[in-house]
file model23.tsv (TSV, C-alpha atoms)
chain	number	residue	atom	x	y	z
A	1	MET	CA	-20.84	50.67	-57.02
A	2	ASP	CA	-17.86	48.31	-56.95
A	3	LEU	CA	-20.22	45.37	-57.52
A	4	TYR	CA	-21.79	47.18	-60.48
A	5	ASN	CA	-18.39	47.92	-62.04
A	6	THR	CA	-17.24	44.36	-61.43
A	7	PHE	CA	-20.34	42.93	-63.08
A	8	TRP	CA	-20.00	45.16	-66.16
A	9	SER	CA	-16.23	44.74	-66.39
A	10	GLU	CA	-14.91	45.35	-69.89
A	11	SER	CA	-12.83	42.17	-69.63
A	12	ILE	CA	-16.06	40.14	-69.41
A	13	TRP	CA	-18.44	41.71	-71.91
A	14	ILE	CA	-16.43	43.20	-74.78
A	15	PRO	CA	-13.46	41.98	-76.84
A	16	PRO	CA	-9.90	42.67	-75.63
A	17	GLY	CA	-8.60	46.00	-76.88
A	18	TYR	CA	-11.97	47.77	-76.63
A	19	LYS	CA	-13.63	49.82	-73.92
A	20	TRP	CA	-17.26	50.59	-73.23
A	21	ASP	CA	-16.62	54.13	-74.44
A	22	ASP	CA	-15.65	52.72	-77.85
A	23	LEU	CA	-19.17	51.28	-78.21
A	24	ASP	CA	-21.07	54.18	-76.66
A	25	PRO	CA	-23.31	55.84	-79.30
A	26	HIS	CA	-23.34	59.14	-77.39
A	27	LYS	CA	-19.57	59.39	-77.02
A	28	THR	CA	-18.62	58.08	-80.47
A	29	GLY	CA	-21.48	59.62	-82.43
A	30	LYS	CA	-21.95	56.26	-84.18
A	31	PRO	CA	-25.19	54.23	-84.19
A	32	PHE	CA	-24.11	51.50	-81.77
A	33	PRO	CA	-26.84	49.84	-79.65
A	34	ASP	CA	-27.81	52.09	-76.75
A	35	ALA	CA	-28.24	50.14	-73.48
A	36	ALA	CA	-30.43	52.95	-72.11
A	37	ASP	CA	-33.12	52.00	-74.64
A	38	LEU	CA	-33.74	48.76	-72.73
A	39	TRP	CA	-35.05	50.71	-69.73
A	40	VAL	CA	-37.67	52.60	-71.74
A	41	TYR	CA	-38.91	51.26	-75.05
A	42	PRO	CA	-39.58	47.57	-74.21
A	43	PHE	CA	-41.86	48.67	-71.37
A	44	LEU	CA	-43.65	51.15	-73.62
A	45	PHE	CA	-44.25	48.39	-76.15
A	46	ALA	CA	-45.33	46.03	-73.33
A	47	GLY	CA	-47.88	48.60	-72.17
A	48	PHE	CA	-49.12	49.00	-75.74
A	49	PHE	CA	-49.47	45.22	-76.14
A	50	ILE	CA	-51.41	44.92	-72.86
A	51	PHE	CA	-53.73	47.74	-73.97
A	52	LEU	CA	-54.15	46.21	-77.43
A	53	LYS	CA	-54.83	42.72	-76.09
A	54	TYR	CA	-57.20	43.38	-73.19
A	55	LEU	CA	-59.01	46.52	-74.31
A	56	ILE	CA	-59.30	46.06	-78.08
A	57	LEU	CA	-58.60	42.58	-79.45
A	58	ILE	CA	-60.26	40.47	-76.73
A	59	PRO	CA	-63.58	42.34	-76.35
A	60	PHE	CA	-64.05	43.47	-79.95
A	61	ILE	CA	-62.43	40.75	-82.06
A	62	PHE	CA	-61.48	37.52	-80.31
A	63	VAL	CA	-64.63	37.04	-78.20
A	64	PRO	CA	-67.13	37.83	-81.02
A	65	ILE	CA	-65.28	35.49	-83.39
A	66	GLY	CA	-65.11	32.80	-80.71
A	67	LYS	CA	-68.86	33.02	-80.15
A	68	LYS	CA	-69.52	32.70	-83.87
A	69	LEU	CA	-67.32	29.61	-83.90
A	70	ARG	CA	-69.38	28.29	-80.95
A	71	ILE	CA	-66.37	27.90	-78.69
A	72	ARG	CA	-67.38	27.06	-75.13
A	73	SER	CA	-67.36	30.15	-72.93
A	74	HIS	CA	-69.35	28.94	-69.89
A	75	PRO	CA	-67.37	27.92	-66.81
A	76	TYR	CA	-67.47	24.29	-65.75
A	77	ARG	CA	-69.94	23.27	-63.05
A	78	HIS	CA	-68.65	23.16	-59.48
A	79	PRO	CA	-69.50	20.21	-57.26
A	80	PRO	CA	-71.60	20.82	-54.13
A	81	LEU	CA	-69.70	22.33	-51.21
A	82	ASN	CA	-68.13	19.78	-48.89
A	83	ALA	CA	-65.46	20.86	-46.41
A	84	SER	CA	-64.16	17.32	-45.85
A	85	LEU	CA	-63.64	16.61	-49.54
A	86	GLU	CA	-62.14	20.07	-50.08
A	87	LYS	CA	-59.31	19.09	-47.74
A	88	ILE	CA	-58.79	15.83	-49.65
A	89	TYR	CA	-58.80	17.71	-52.95
A	90	ARG	CA	-56.19	20.23	-51.80
A	91	ARG	CA	-53.91	17.34	-50.89
A	92	TYR	CA	-54.48	14.82	-53.69
A	93	ARG	CA	-56.41	16.64	-56.41
A	94	SER	CA	-58.33	13.96	-58.37
A	95	ARG	CA	-55.85	11.17	-57.58
A	96	ALA	CA	-56.71	10.32	-54.00
A	97	PRO	CA	-55.66	6.80	-52.90
A	98	HIS	CA	-58.38	4.16	-52.76
A	99	SER	CA	-58.07	3.93	-48.98
A	100	VAL	CA	-58.73	7.68	-48.63
A	101	ILE	CA	-61.75	7.48	-50.94
A	102	ALA	CA	-63.09	4.53	-48.94
A	103	GLU	CA	-62.63	6.40	-45.67
A	104	GLN	CA	-64.44	9.48	-47.01
A	105	ALA	CA	-67.25	7.38	-48.46
A	106	GLU	CA	-67.83	5.77	-45.09
A	107	LYS	CA	-67.65	9.11	-43.32
A	108	LEU	CA	-70.12	10.83	-45.68
A	109	GLY	CA	-72.40	7.89	-46.39
A	110	TRP	CA	-71.59	8.08	-50.10
A	111	SER	CA	-70.51	5.40	-52.54
A	112	HIS	CA	-66.86	5.22	-53.64
A	113	ARG	CA	-67.94	6.30	-57.11
A	114	GLN	CA	-69.64	9.43	-55.79
A	115	VAL	CA	-66.53	10.51	-53.86
A	116	ASP	CA	-64.33	9.85	-56.88
A	117	ARG	CA	-66.71	11.78	-59.11
A	118	TRP	CA	-66.74	14.74	-56.70
A	119	LEU	CA	-62.94	14.97	-56.80
A	120	ARG	CA	-62.86	14.70	-60.58
A	121	GLN	CA	-65.60	17.31	-61.00
A	122	LYS	CA	-63.73	19.62	-58.63
A	123	THR	CA	-60.61	19.24	-60.81
A	124	VAL	CA	-62.55	20.05	-63.97
A	125	SER	CA	-64.22	23.07	-62.36
A	126	GLN	CA	-60.79	24.63	-61.78
A	127	GLN	CA	-59.89	24.50	-65.46
A	128	VAL	CA	-60.11	27.55	-67.67
A	129	THR	CA	-62.80	27.54	-70.33
A	130	THR	CA	-62.12	26.71	-73.94
A	131	MET	CA	-62.85	30.35	-74.81
A	132	GLU	CA	-60.03	31.51	-72.53
A	133	LYS	CA	-57.62	29.05	-74.15
A	134	TYR	CA	-58.75	30.17	-77.61
A	135	ILE	CA	-58.25	33.85	-76.71
A	136	ASP	CA	-54.70	33.17	-75.52
A	137	CYS	CA	-53.88	31.28	-78.72
A	138	ALA	CA	-55.50	33.94	-80.92
A	139	TRP	CA	-53.45	36.69	-79.26
A	140	GLN	CA	-50.19	34.82	-79.73
A	141	LEU	CA	-51.14	33.94	-83.32
A	142	VAL	CA	-51.71	37.60	-84.22
A	143	TYR	CA	-48.37	38.57	-82.71
A	144	TYR	CA	-46.31	35.74	-84.21
A	145	VAL	CA	-47.73	36.18	-87.72
A	146	CYS	CA	-47.09	39.93	-87.66
A	147	TYR	CA	-43.66	39.56	-86.05
A	148	CYS	CA	-42.59	36.79	-88.44
A	149	LEU	CA	-43.58	38.89	-91.47
A	150	PHE	CA	-41.81	41.89	-89.94
A	151	GLY	CA	-38.71	39.75	-89.36
A	152	ILE	CA	-38.64	38.66	-92.99
A	153	PHE	CA	-38.97	42.30	-94.05
A	154	VAL	CA	-36.14	43.33	-91.70
A	155	LEU	CA	-33.69	40.55	-92.59
A	156	ILE	CA	-34.46	39.78	-96.23
A	157	ASP	CA	-31.64	42.01	-97.48
A	158	LYS	CA	-29.18	41.27	-94.66
A	159	PRO	CA	-26.14	39.15	-95.63
A	160	TRP	CA	-26.06	37.30	-92.28
A	161	LEU	CA	-29.44	35.76	-93.08
A	162	TYR	CA	-27.75	33.75	-95.83
A	163	ASP	CA	-24.26	33.37	-94.36
A	164	VAL	CA	-24.03	33.22	-90.55
A	165	ARG	CA	-20.34	34.12	-90.62
A	166	HIS	CA	-21.38	37.71	-91.41
A	167	CYS	CA	-22.54	37.91	-87.79
A	168	TRP	CA	-18.88	38.08	-86.75
A	169	TYR	CA	-17.26	40.12	-89.53
A	170	ASN	CA	-15.92	43.44	-88.15
A	171	PHE	CA	-17.31	42.65	-84.71
A	172	PRO	CA	-17.88	44.62	-82.50
A	173	MET	CA	-17.75	47.57	-84.89
A	174	GLN	CA	-21.22	46.84	-86.29
A	175	TYR	CA	-24.07	49.31	-86.47
A	176	PRO	CA	-27.64	47.94	-86.21
A	177	GLU	CA	-29.98	49.42	-88.79
A	178	PRO	CA	-33.12	51.27	-87.55
A	179	GLU	CA	-35.34	48.35	-88.55
A	180	VAL	CA	-33.23	46.00	-86.39
A	181	TRP	CA	-33.77	48.39	-83.47
A	182	TRP	CA	-37.54	48.09	-83.96
A	183	TYR	CA	-37.24	44.32	-84.30
A	184	TYR	CA	-35.47	44.08	-80.95
A	185	MET	CA	-37.65	46.51	-79.00
A	186	VAL	CA	-40.91	44.99	-80.23
A	187	SER	CA	-39.74	41.50	-79.27
A	188	LEU	CA	-38.64	42.60	-75.81
A	189	GLY	CA	-41.94	44.42	-75.35
A	190	PHE	CA	-43.91	41.29	-76.20
A	191	TYR	CA	-41.95	39.04	-73.85
A	192	TRP	CA	-42.21	41.58	-71.04
A	193	CYS	CA	-45.96	41.67	-71.70
A	194	GLN	CA	-46.16	37.86	-71.59
A	195	THR	CA	-44.08	37.75	-68.40
A	196	VAL	CA	-46.08	40.44	-66.57
A	197	THR	CA	-49.43	38.87	-67.55
A	198	HIS	CA	-48.24	35.26	-67.17
A	199	PHE	CA	-50.47	34.46	-64.20
A	200	LEU	CA	-53.49	36.04	-65.90
A	201	GLN	CA	-53.23	33.59	-68.78
A	202	PRO	CA	-54.57	29.99	-68.89
A	203	GLN	CA	-52.19	27.81	-66.87
A	204	ARG	CA	-50.74	24.75	-68.58
A	205	HIS	CA	-48.74	21.78	-67.36
A	206	ASP	CA	-45.60	23.52	-68.66
A	207	SER	CA	-46.46	27.03	-67.44
A	208	LEU	CA	-43.38	27.22	-65.21
A	209	GLN	CA	-41.17	26.09	-68.06
A	210	LEU	CA	-42.77	28.69	-70.32
A	211	LEU	CA	-42.16	31.43	-67.75
A	212	CYS	CA	-38.49	30.39	-67.53
A	213	HIS	CA	-38.34	30.53	-71.33
A	214	HIS	CA	-39.67	34.12	-71.30
A	215	ILE	CA	-37.14	35.20	-68.68
A	216	VAL	CA	-34.19	33.57	-70.46
A	217	THR	CA	-35.32	35.10	-73.76
A	218	ILE	CA	-35.45	38.58	-72.19
A	219	LEU	CA	-31.99	38.10	-70.69
A	220	LEU	CA	-30.48	36.79	-73.90
A	221	THR	CA	-32.08	39.46	-76.08
A	222	SER	CA	-31.15	42.30	-73.71
A	223	LEU	CA	-27.55	41.18	-73.27
A	224	SER	CA	-27.14	40.61	-76.99
A	225	TRP	CA	-28.27	44.21	-77.51
A	226	VAL	CA	-25.86	45.58	-74.90
A	227	CYS	CA	-22.90	43.60	-76.30
A	228	ASN	CA	-23.85	44.23	-79.95
A	229	PHE	CA	-24.61	40.60	-80.85
A	230	THR	CA	-27.62	41.91	-82.72
A	231	ARG	CA	-26.98	40.01	-85.93
A	232	MET	CA	-27.02	36.61	-84.28
A	233	GLY	CA	-29.80	37.78	-81.97
A	234	SER	CA	-32.03	38.76	-84.89
A	235	LEU	CA	-31.54	35.33	-86.49
A	236	ILE	CA	-32.47	33.53	-83.28
A	237	LEU	CA	-35.59	35.70	-82.88
A	238	LEU	CA	-36.77	35.02	-86.43
A	239	LEU	CA	-36.09	31.30	-86.19
A	240	HIS	CA	-38.11	30.91	-83.01
A	241	GLU	CA	-41.34	32.54	-84.17
A	242	CYS	CA	-42.30	30.67	-87.35
A	243	ALA	CA	-42.90	27.18	-85.89
A	244	ASP	CA	-45.38	28.51	-83.32
A	245	ILE	CA	-47.81	29.68	-86.01
A	246	PRO	CA	-49.08	26.25	-87.19
A	247	LEU	CA	-49.17	25.01	-83.58
A	248	LEU	CA	-51.45	27.87	-82.55
A	249	LEU	CA	-53.63	27.28	-85.62
A	250	ALA	CA	-53.84	23.58	-84.72
A	251	LYS	CA	-55.02	24.47	-81.21
A	252	ILE	CA	-57.62	26.92	-82.48
A	253	PHE	CA	-58.95	24.38	-85.01
A	254	GLY	CA	-59.13	21.88	-82.17
A	255	TYR	CA	-61.19	24.28	-80.05
A	256	CYS	CA	-63.51	24.70	-83.06
A	257	LYS	CA	-63.72	20.89	-83.41
A	258	LYS	CA	-62.17	21.03	-86.88
A	259	HIS	CA	-60.05	17.94	-86.24
A	260	GLY	CA	-59.01	17.40	-89.86
A	261	LEU	CA	-57.50	20.88	-90.10
A	262	MET	CA	-56.05	20.48	-86.61
A	263	ASP	CA	-54.16	17.34	-87.65
A	264	LYS	CA	-52.81	18.99	-90.80
A	265	MET	CA	-51.56	22.01	-88.88
A	266	PHE	CA	-50.00	19.77	-86.25
A	267	VAL	CA	-48.08	17.86	-88.93
A	268	LEU	CA	-46.85	21.16	-90.38
A	269	PHE	CA	-45.85	22.30	-86.89
A	270	VAL	CA	-43.83	19.12	-86.27
A	271	LEU	CA	-42.02	19.51	-89.60
A	272	LEU	CA	-41.18	23.17	-88.89
A	273	TRP	CA	-40.15	22.32	-85.33
A	274	VAL	CA	-37.72	19.65	-86.49
A	275	VAL	CA	-36.25	21.87	-89.21
A	276	THR	CA	-35.91	25.05	-87.12
A	277	ARG	CA	-35.58	24.10	-83.45
A	278	LEU	CA	-33.78	20.76	-83.87
A	279	GLY	CA	-31.99	21.45	-87.15
A	280	ILE	CA	-31.02	25.02	-88.00
A	281	PHE	CA	-30.84	26.25	-84.40
A	282	PRO	CA	-28.33	23.73	-83.02
A	283	PHE	CA	-26.44	22.79	-86.19
A	284	ARG	CA	-26.12	26.25	-87.70
A	285	LEU	CA	-26.63	28.99	-85.12
A	286	ILE	CA	-25.34	27.30	-81.95
A	287	ARG	CA	-22.52	25.75	-83.94
A	288	SER	CA	-21.57	29.24	-85.13
A	289	THR	CA	-21.61	30.76	-81.62
A	290	LEU	CA	-19.64	27.82	-80.19
A	291	LEU	CA	-17.11	27.12	-82.93
A	292	GLU	CA	-16.95	30.00	-85.41
A	293	ALA	CA	-17.30	33.26	-83.47
A	294	HIS	CA	-14.06	33.16	-81.49
A	295	VAL	CA	-12.15	31.77	-84.48
A	296	GLN	CA	-13.20	34.59	-86.82
A	297	GLU	CA	-12.56	37.24	-84.15
A	298	ASN	CA	-9.28	35.54	-83.24
A	299	THR	CA	-10.08	36.12	-79.59
A	300	PHE	CA	-12.02	34.54	-76.76
A	301	TYR	CA	-13.46	36.27	-73.71
A	302	PRO	CA	-15.93	35.36	-70.90
A	303	VAL	CA	-19.08	36.64	-72.59
A	304	TYR	CA	-19.00	33.51	-74.78
A	305	TYR	CA	-19.70	31.36	-71.74
A	306	ILE	CA	-22.64	33.57	-70.76
A	307	PHE	CA	-24.31	33.71	-74.15
A	308	ASN	CA	-23.69	30.11	-75.05
A	309	GLY	CA	-25.00	29.08	-71.63
A	310	LEU	CA	-28.25	31.00	-72.21
A	311	ILE	CA	-28.59	29.69	-75.76
A	312	LEU	CA	-27.98	26.11	-74.66
A	313	SER	CA	-30.56	26.49	-71.87
A	314	ILE	CA	-33.12	27.46	-74.51
A	315	PHE	CA	-32.11	24.45	-76.59
A	316	LEU	CA	-32.56	22.24	-73.51
A	317	MET	CA	-36.13	23.54	-73.23
A	318	HIS	CA	-36.60	22.64	-76.88
A	319	LEU	CA	-35.54	19.07	-76.13
A	320	ILE	CA	-38.03	18.88	-73.24
A	321	TRP	CA	-40.80	20.20	-75.48
A	322	THR	CA	-39.73	17.73	-78.18
A	323	TYR	CA	-40.26	14.91	-75.68
A	324	ASN	CA	-43.77	16.28	-75.01
A	325	ILE	CA	-44.45	16.43	-78.76
A	326	ILE	CA	-43.37	12.81	-79.15
A	327	GLN	CA	-45.77	11.82	-76.37
A	328	VAL	CA	-48.63	13.56	-78.20
A	329	ILE	CA	-47.74	11.76	-81.43
A	330	VAL	CA	-47.62	8.39	-79.66
A	331	ARG	CA	-51.04	9.01	-78.10
A	332	LYS	CA	-52.36	10.06	-81.50
A	333	PHE	CA	-51.32	6.81	-83.15
A	334	SER	CA	-52.39	4.64	-80.22
A	335	SER	CA	-55.97	5.95	-80.21
A	336	ASP	CA	-58.49	7.47	-82.57
A	337	HIS	CA	-57.87	10.94	-81.20
A	338	ILE	CA	-55.62	12.88	-78.90
A	339	SER	CA	-57.25	12.51	-75.52
A	340	ASP	CA	-56.76	14.16	-72.18
A	341	VAL	CA	-56.21	11.98	-69.15
A	342	ARG	CA	-58.38	14.38	-67.15
A	343	SER	CA	-62.16	14.08	-67.19
A	344	SER	CA	-64.03	16.52	-69.33
A	345	ALA	CA	-66.95	18.56	-68.10
A	346	SER	CA	-69.35	16.56	-70.23
A	347	GLU	CA	-68.30	13.40	-68.44
A	348	ILE	CA	-69.41	14.76	-65.09
A	349	SER	CA	-72.92	16.13	-65.16
A	350	SER	CA	-75.74	16.35	-62.73
A	351	ASP	CA	-77.54	13.67	-64.69
A	352	ASP	CA	-74.63	11.29	-64.39
A	353	VAL	CA	-74.29	11.13	-60.65
A	354	SER	CA	-75.98	12.63	-57.61
A	355	TYR	CA	-74.60	13.49	-54.22
A	356	PRO	CA	-76.63	12.49	-51.16
A	357	PRO	CA	-76.55	14.63	-48.05
A	358	SER	CA	-73.63	13.87	-45.75
A	359	LYS	CA	-74.07	12.02	-42.49
A	360	LYS	CA	-74.38	14.27	-39.49
A	361	GLN	CA	-71.15	14.33	-37.58
A	362	GLU	CA	-71.33	13.08	-34.03

call {"tool": "encode", "arguments": {"input": "model23.tsv", "output": "structure tokens"}}
result
Amino acid sequence: MDLYNTFWSESIWIPPGYKWDDLDPHKTGKPFPDAADLWVYPFLFAGFFIFLKYLILIPFIFVPIGKKLRIRSHPYRHPPLNASLEKIYRRYRSRAPHSVIAEQAEKLGWSHRQVDRWLRQKTVSQQVTTMEKYIDCAWQLVYYVCYCLFGIFVLIDKPWLYDVRHCWYNFPMQYPEPEVWWYYMVSLGFYWCQTVTHFLQPQRHDSLQLLCHHIVTILLTSLSWVCNFTRMGSLILLLHECADIPLLLAKIFGYCKKHGLMDKMFVLFVLLWVVTRLGIFPFRLIRSTLLEAHVQENTFYPVYYIFNGLILSIFLMHLIWTYNIIQVIVRKFSSDHISDVRSSASEISSDDVSYPPSKKQE
């Protein structure tokens, strides 16, 4: 209990001169954010999203549309079973050293090319199908479009959308409107859904980074609700949803082999990314939390370090993703198309290479 009280110390989380009781909606009778809501409603929304995604949208909408668009749904072919090469694959994946390939070729009586092809085919066989990737993008697209439109509806008449300084006027004596409550709970429900189902979704090279992003977003959103930073929190939520829409459309067009539309959507995504994630977010919102908030409140207390630390960690992820985006752009201009360094399934077929029976072990 002492640890709990120390963690939620009033000197850390709320401005000097206030107590938790002053911000308690049950004790004051005023519509302050209720921390108890975080233990109920986000999980209800998460359950609804899981039900909606897996029991309605995927079987009745996403899969039928994907089939009409002729998106690949068949799993990639597995190479023939080989216990020796399985051990090599678990250690090196498809990048086994030449000496290891030569040793295995001699051991099995295969050519170097056949061993290399087996490892590459094994790598491809572990990949998710294009249909699975499309389904994941379609689900996120539905959510982000709806949530972005809902965010515009919620914030269109709010003064802090046009002047960030309104986030700090009369703080902490601010009362979130009912629509802001819905905006927060829906967002938390979605990110809890994405976190719980993370390992059921197609894994990417930045899956761990994405999981960290979900966790930091949940922490930041939840703490901003508890400490009544809902005005700034709502701006950050809105800002972070719009750029993902053209990116998801670009991916879906790519899965449909509509490369012209894919390129157009990718250009739009890059423009929105630069404006929102690298422009407005650091130079308007982060600048306000770092330099304006404590000046307008004429006070400074430890919660600033916590929130600014979380916000800056999200911005650091943005910079890492920006580096990845630059790499994609460089590859695009250095070749006729954006290619994958990994072999595709079509490159490794039964007609392309055969596997002779292994030598009998002495």

call {"tool": "closest_atom_pairs", "arguments": {"input": "model23.tsv", "of": "range 112-201 of chain A", "to": "range 82-86 of chain A", "cutoff": "9 Å", "atoms": "only C-alpha atoms", "output": "tab-separated table"}}
result
residue	atom	partner	partner_atom	distance
A:Val115	CA	A:Leu85	CA	8.0
A:Trp118	CA	A:Leu85	CA	8.0
A:Leu119	CA	A:Leu85	CA	7.5
A:Lys122	CA	A:Glu86	CA	8.7

call {"tool": "write_last_selection", "arguments": {"input": "model23.tsv", "atoms": "C-alpha atoms", "output": "tab-separated table (two decimals), keeping the file's coordinate frame"}}
result
chain	number	residue	atom	x	y	z
A	115	VAL	CA	-66.53	10.51	-53.86
A	118	TRP	CA	-66.74	14.74	-56.70
A	119	LEU	CA	-62.94	14.97	-56.80
A	122	LYS	CA	-63.73	19.62	-58.63

call {"tool": "closest_residue", "arguments": {"input": "model23.tsv", "among": "A:Cys256, A:Cys137, A:Val226, A:Ala36", "to": "Pro172 in chain A", "atoms": "only C-alpha atoms"}}
result
A:Val226

call {"tool": "residues_around", "arguments": {"input": "model23.tsv", "residues": "range 234-248 of chain A", "least_positions_apart": "3", "cutoff": "7 Å", "atoms": "all atoms listed in the file", "output": "PyMOL selection string"}}
result
chain A and resi 137+141+144-145+148+151+161+230-231+251-252+265-266+268-269+272-273+276

call {"tool": "closest_residue", "arguments": {"input": "model23.tsv", "among": "A:Met232, A:Leu316, A:Val186, A:Leu271", "to": "Arg165 in chain A", "atoms": "all atoms listed in the file"}}
result
A:Met232

call {"tool": "atom_distance", "arguments": {"input": "model23.tsv", "atom1": "CA of Phe333 in chain A", "atom2": "CA of Ala250 in chain A"}}
result
17.0 Å

call {"tool": "residues_around", "arguments": {"input": "model23.tsv", "residues": "Cys227 in chain A", "least_positions_apart": "6", "cutoff": "10 Å", "atoms": "all atoms listed in the file", "output": "JSON list (two decimals) with C-alpha atoms, in the frame of the given file"}}
result
[["chain", "number", "residue", "atom", "x", "y", "z"],
["A", 13, "TRP", "CA", -18.44, 41.71, -71.91],
["A", 14, "ILE", "CA", -16.43, 43.20, -74.78],
["A", 15, "PRO", "CA", -13.46, 41.98, -76.84],
["A", 20, "TRP", "CA", -17.26, 50.59, -73.23],
["A", 23, "LEU", "CA", -19.17, 51.28, -78.21],
["A", 32, "PHE", "CA", -24.11, 51.50, -81.77],
["A", 33, "PRO", "CA", -26.84, 49.84, -79.65],
["A", 34, "ASP", "CA", -27.81, 52.09, -76.75],
["A", 35, "ALA", "CA", -28.24, 50.14, -73.48],
["A", 172, "PRO", "CA", -17.88, 44.62, -82.50],
["A", 303, "VAL", "CA", -19.08, 36.64, -72.59]]

call {"tool": "residues_around", "arguments": {"input": "model23.tsv", "residues": "range 60-68 of chain A", "least_positions_apart": "2", "cutoff": "12 Å", "atoms": "all atoms listed in the file", "output": "PyMOL selection string"}}
result
chain A and resi 52-58+70-74+129-142+252-253+255-256

call {"tool": "residues_around", "arguments": {"input": "model23.tsv", "residues": "Phe43 in chain A", "least_positions_apart": "5", "cutoff": "9 Å", "atoms": "all atoms listed in the file", "output": "ChimeraX atom specification"}}
result
/A:38,48,185,188-189,192-193

call {"tool": "atom_distance", "arguments": {"input": "model23.tsv", "atom1": "CA of Arg77 in chain A", "atom2": "CA of Ser125 in chain A"}}
result
5.8 Å

call {"tool": "atom_distance", "arguments": {"input": "model23.tsv", "atom1": "CA of Arg277 in chain A", "atom2": "CA of Ile326 in chain A"}}
result
14.4 Å

call {"tool": "residues_around", "arguments": {"input": "model23.tsv", "residues": "Asp116 in chain A", "least_positions_apart": "2", "cutoff": "9 Å", "atoms": "all atoms listed in the file", "output": "mmCIF file with C-alpha atoms, keeping the file's coordinate frame"}}
result
data_model
loop_
_atom_site.group_PDB
_atom_site.id
_atom_site.type_symbol
_atom_site.label_atom_id
_atom_site.label_comp_id
_atom_site.auth_asym_id
_atom_site.auth_seq_id
_atom_site.Cartn_x
_atom_site.Cartn_y
_atom_site.Cartn_z
ATOM 1 C CA SER A 94 -58.330 13.960 -58.370
ATOM 2 C CA ARG A 95 -55.850 11.170 -57.580
ATOM 3 C CA ALA A 96 -56.710 10.320 -54.000
ATOM 4 C CA ILE A 101 -61.750 7.480 -50.940
ATOM 5 C CA SER A 111 -70.510 5.400 -52.540
ATOM 6 C CA HIS A 112 -66.860 5.220 -53.640
ATOM 7 C CA ARG A 113 -67.940 6.300 -57.110
ATOM 8 C CA GLN A 114 -69.640 9.430 -55.790
ATOM 9 C CA TRP A 118 -66.740 14.740 -56.700
ATOM 10 C CA LEU A 119 -62.940 14.970 -56.800
ATOM 11 C CA ARG A 120 -62.860 14.700 -60.580
ATOM 12 C CA GLN A 121 -65.600 17.310 -61.000
#

call {"tool": "closest_residue", "arguments": {"input": "model23.tsv", "among": "A:Glu106, A:Asp2, A:Asp37, A:Glu177", "to": "Lys158 in chain A", "atoms": "only C-alpha atoms"}}
result
A:Glu177

call {"tool": "residues_near_point", "arguments": {"input": "model23.tsv", "point": "(-37.7, 42.5, -70.5)", "cutoff": "10 Å", "atoms": "only C-alpha atoms", "output": "PyMOL selection string"}}
result
chain A and resi 38-39+41-43+46+185+187-196+214-222

call {"tool": "closest_residue", "arguments": {"input": "model23.tsv", "among": "A:Phe45, A:Tyr175, A:Tyr301, A:Tyr183", "to": "Ile152 in chain A", "atoms": "all atoms listed in the file"}}
result
A:Tyr183

call {"tool": "closest_residue", "arguments": {"input": "model23.tsv", "among": "A:Leu81, A:Ile325, A:Leu319, A:Leu211", "to": "Val270 in chain A", "atoms": "only C-alpha atoms"}}
result
A:Ile325

call {"tool": "axis_aligned_box", "arguments": {"input": "model23.tsv", "around": "range 271-275 of chain A", "padding_each_side": "4 Å", "output": "JSON"}}
result
{"center_x": -39.1, "center_y": 21.3, "center_z": -87.5, "size_x": 13.8, "size_y": 11.7, "size_z": 12.3}

call {"tool": "closest_residue", "arguments": {"input": "model23.tsv", "among": "A:Thr299, A:Asn308, A:Thr322, A:Ser313", "to": "Ser11 in chain A", "atoms": "only C-alpha atoms"}}
result
A:Thr299

call {"tool": "decode", "arguments": {"input": "model23.tsv", "residues": "range 9-24 of chain A", "atoms": "C-alpha atoms", "output": "PDB file, in the first residue's frame"}}
result
ATOM      1  CA  SER A   9       1.716  10.836  -4.862  1.00  0.00           C
ATOM      2  CA  GLU A  10      -0.089  14.123  -5.439  1.00  0.00           C
ATOM      3  CA  SER A  11       3.267  15.909  -5.608  1.00  0.00           C
ATOM      4  CA  ILE A  12       4.100  13.911  -8.762  1.00  0.00           C
ATOM      5  CA  TRP A  13       0.895  13.801 -10.790  1.00  0.00           C
ATOM      6  CA  ILE A  14      -1.130  16.951 -10.101  1.00  0.00           C
ATOM      7  CA  PRO A  15      -0.244  20.653  -9.815  1.00  0.00           C
ATOM      8  CA  PRO A  16       0.812  22.087  -6.438  1.00  0.00           C
ATOM      9  CA  GLY A  17      -2.159  23.273  -4.404  1.00  0.00           C
ATOM     10  CA  TYR A  18      -4.481  20.493  -5.597  1.00  0.00           C
ATOM     11  CA  LYS A  19      -5.352  17.079  -4.219  1.00  0.00           C
ATOM     12  CA  TRP A  20      -6.712  13.987  -5.899  1.00  0.00           C
ATOM     13  CA  ASP A  21     -10.038  14.660  -4.183  1.00  0.00           C
ATOM     14  CA  ASP A  22     -10.237  17.994  -6.022  1.00  0.00           C
ATOM     15  CA  LEU A  23     -10.251  16.108  -9.349  1.00  0.00           C
ATOM     16  CA  ASP A  24     -12.451  13.202  -8.282  1.00  0.00           C
TER      17      ASP A  24
END
